[in-house]
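So the structure is just underneath, and the comments pick up after that.
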Amino acid sequence: METIDRPPTLRPAVQSVPPPYTPEIEAPAEGAGWVAFSAIVLGLIGVFGFLDGILAISSSKVFTANATYVFSGLHTWGWIVMILGALSVVASLSLFTGSELARWFGITIAGLYGIGQLMFVHANPWWSVSMFAVAILVIYGLAAHAGSHLRPR
């Protein structure tokens with residue numbers, strides 16, 4: 001018996017298809033949400049503080065009429081709160097740069113803003129206490145989470 005050599009079975013050439021392009025996305029730093037929250041809220045309380053100050057300077061009827069303050073009067077506290085509000089907006093915008101100096105500037109301004117609101121509490125009690133609480137949240141967000149992207153992993 002003779003053996004017949006058969007030609008090998010022809011298979012279609014398989015072309016390797018490269019996988020679809022998936023860019024490597026860096027995961028956000030731990031606490032990035034708190035930092036963004038703090039920056040945005042610091043800007044908002046800055047705008048509200050600036051408006052509060054303008055209302056106090058212009059002798060608006062928004063505030064309590066016969067309030068007594070720790071020192072000076074409504075006009076002085078209006079200027080103080082307005083300046084702190086403007087500084088809060090500047091601190092908020094500087095936080096988006098991500099620098100450590102901006103972080104400490106934001107913590108300092110939020111602390112001064114909170115203290116200023118507590119001194120301004122006789123003019124509008126509920127508003128001042130709620131703005132103080134928001135300033136505490138901003139301080140927490142910046143103190144606990146803003147430096148996390150700077151630490152080595």
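In the structure tokens, chains take letters A, B, ... by order of appearance, with residues numbered from 1 within each chain and ligands from 1 in the order shown.
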Using DSSP assignments from the backbone, pull out every residue in region 13-144 of chain A that falls under alpha helix (DSSP H) and give it to me as number ranges by chain. A: 32-57, 74-95, 100-119, 125-144
With only C-alpha atoms as the counted atoms, please give the residues lying no more than 12 Å from region 134-150 of chain A, apart from itself and same-chain residues fewer than 5 positions off, as an NGL selection string. :A and (27-46 or 48-49 or 84-85 or 88 or 91-92 or 95-118 or 127-129)
Report as a list in words all protein, DNA and RNA residues lying within 10 Å of region 62-79 of chain A, evaluated on only C-alpha atoms, omitting residues in the same chain fewer than 3 positions from it.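 Skipping anything fewer than 3 positions along the chain leaves Gly49, Phe50, Leu51, Asp52, Gly53, Ile54, Leu55, Ala56, Ile57, Ser58, Ser59, Met82, Ile83, Leu84, Gly85, Gly116, Gln117, Met119, Phe120, Val121, His122, Ala123, Asn124 and Pro125 of chain A.
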Next, write the just-selected residues to a file, as a PDB file, in the first residue's frame, keeping N, CA and C atoms as the atom set.
ATOM      1  N   GLY A  49     -21.126  86.913  51.798  1.00  0.00           N
ATOM      2  CA  GLY A  49     -20.544  87.851  52.763  1.00  0.00           C
ATOM      3  C   GLY A  49     -20.380  89.234  52.171  1.00  0.00           C
ATOM      4  N   PHE A  50     -19.958  89.294  50.903  1.00  0.00           N
ATOM      5  CA  PHE A  50     -19.815  90.584  50.236  1.00  0.00           C
ATOM      6  C   PHE A  50     -21.168  91.289  50.161  1.00  0.00           C
ATOM      7  N   LEU A  51     -22.212  90.546  49.794  1.00  0.00           N
ATOM      8  CA  LEU A  51     -23.558  91.130  49.728  1.00  0.00           C
ATOM      9  C   LEU A  51     -24.063  91.523  51.114  1.00  0.00           C
ATOM     10  N   ASP A  52     -23.774  90.690  52.117  1.00  0.00           N
ATOM     11  CA  ASP A  52     -24.122  91.015  53.504  1.00  0.00           C
ATOM     12  C   ASP A  52     -23.496  92.338  53.915  1.00  0.00           C
ATOM     13  N   GLY A  53     -22.232  92.495  53.586  1.00  0.00           N
ATOM     14  CA  GLY A  53     -21.527  93.723  53.935  1.00  0.00           C
ATOM     15  C   GLY A  53     -22.125  94.936  53.257  1.00  0.00           C
ATOM     16  N   ILE A  54     -22.469  94.803  51.982  1.00  0.00           N
ATOM     17  CA  ILE A  54     -23.085  95.925  51.266  1.00  0.00           C
ATOM     18  C   ILE A  54     -24.426  96.286  51.890  1.00  0.00           C
ATOM     19  N   LEU A  55     -25.211  95.278  52.256  1.00  0.00           N
ATOM     20  CA  LEU A  55     -26.498  95.545  52.899  1.00  0.00           C
ATOM     21  C   LEU A  55     -26.318  96.238  54.250  1.00  0.00           C
ATOM     22  N   ALA A  56     -25.305  95.847  54.991  1.00  0.00           N
ATOM     23  CA  ALA A  56     -25.076  96.461  56.298  1.00  0.00           C
ATOM     24  C   ALA A  56     -24.575  97.902  56.150  1.00  0.00           C
ATOM     25  N   ILE A  57     -23.729  98.142  55.164  1.00  0.00           N
ATOM     26  CA  ILE A  57     -23.204  99.488  54.954  1.00  0.00           C
ATOM     27  C   ILE A  57     -24.308 100.436  54.495  1.00  0.00           C
ATOM     28  N   SER A  58     -25.210  99.941  53.682  1.00  0.00           N
ATOM     29  CA  SER A  58     -26.263 100.792  53.137  1.00  0.00           C
ATOM     30  C   SER A  58     -27.458 100.928  54.067  1.00  0.00           C
ATOM     31  N   SER A  59     -27.341 100.470  55.295  1.00  0.00           N
ATOM     32  CA  SER A  59     -28.413 100.574  56.304  1.00  0.00           C
ATOM     33  C   SER A  59     -29.714  99.943  55.830  1.00  0.00           C
ATOM     34  N   MET A  82     -17.729  92.493  54.473  1.00  0.00           N
ATOM     35  CA  MET A  82     -17.555  92.669  53.037  1.00  0.00           C
ATOM     36  C   MET A  82     -16.112  92.380  52.613  1.00  0.00           C
ATOM     37  N   ILE A  83     -15.147  92.840  53.386  1.00  0.00           N
ATOM     38  CA  ILE A  83     -13.739  92.570  53.074  1.00  0.00           C
ATOM     39  C   ILE A  83     -13.438  91.082  53.212  1.00  0.00           C
ATOM     40  N   LEU A  84     -13.963  90.448  54.266  1.00  0.00           N
ATOM     41  CA  LEU A  84     -13.765  89.003  54.420  1.00  0.00           C
ATOM     42  C   LEU A  84     -14.425  88.227  53.281  1.00  0.00           C
ATOM     43  N   GLY A  85     -15.558  88.708  52.804  1.00  0.00           N
ATOM     44  CA  GLY A  85     -16.218  88.059  51.664  1.00  0.00           C
ATOM     45  C   GLY A  85     -15.379  88.155  50.402  1.00  0.00           C
ATOM     46  N   GLY A 116     -15.726  86.208  62.089  1.00  0.00           N
ATOM     47  CA  GLY A 116     -16.437  87.440  61.736  1.00  0.00           C
ATOM     48  C   GLY A 116     -17.938  87.256  61.751  1.00  0.00           C
ATOM     49  N   GLN A 117     -18.412  86.112  61.278  1.00  0.00           N
ATOM     50  CA  GLN A 117     -19.851  85.853  61.304  1.00  0.00           C
ATOM     51  C   GLN A 117     -20.365  85.688  62.734  1.00  0.00           C
ATOM     52  N   MET A 119     -19.172  87.265  65.295  1.00  0.00           N
ATOM     53  CA  MET A 119     -19.225  88.624  65.849  1.00  0.00           C
ATOM     54  C   MET A 119     -20.387  89.422  65.246  1.00  0.00           C
ATOM     55  N   PHE A 120     -20.839  89.031  64.081  1.00  0.00           N
ATOM     56  CA  PHE A 120     -21.917  89.691  63.348  1.00  0.00           C
ATOM     57  C   PHE A 120     -23.268  89.051  63.659  1.00  0.00           C
ATOM     58  N   VAL A 121     -23.285  88.115  64.611  1.00  0.00           N
ATOM     59  CA  VAL A 121     -24.473  87.301  64.875  1.00  0.00           C
ATOM     60  C   VAL A 121     -25.662  88.131  65.361  1.00  0.00           C
ATOM     61  N   HIS A 122     -25.422  89.267  65.975  1.00  0.00           N
ATOM     62  CA  HIS A 122     -26.542  90.075  66.474  1.00  0.00           C
ATOM     63  C   HIS A 122     -27.327  90.729  65.346  1.00  0.00           C
ATOM     64  N   ALA A 123     -26.720  90.879  64.212  1.00  0.00           N
ATOM     65  CA  ALA A 123     -27.418  91.508  63.087  1.00  0.00           C
ATOM     66  C   ALA A 123     -28.432  90.560  62.458  1.00  0.00           C
ATOM     67  N   ASN A 124     -28.061  89.308  62.278  1.00  0.00           N
ATOM     68  CA  ASN A 124     -28.933  88.321  61.647  1.00  0.00           C
ATOM     69  C   ASN A 124     -28.544  86.946  62.191  1.00  0.00           C
ATOM     70  N   PRO A 125     -29.115  86.526  63.321  1.00  0.00           N
ATOM     71  CA  PRO A 125     -28.610  85.357  64.045  1.00  0.00           C
ATOM     72  C   PRO A 125     -28.589  84.050  63.268  1.00  0.00           C
TER      73      PRO A 125
END
Rounded to one decimal in Å, what is the spacing between CA of Val47 (chain A) and CA of Val81 (chain A)?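 Atom-to-atom, CA of Val47 (chain A) to CA of Val81 (chain A), that is 10.5 Å.
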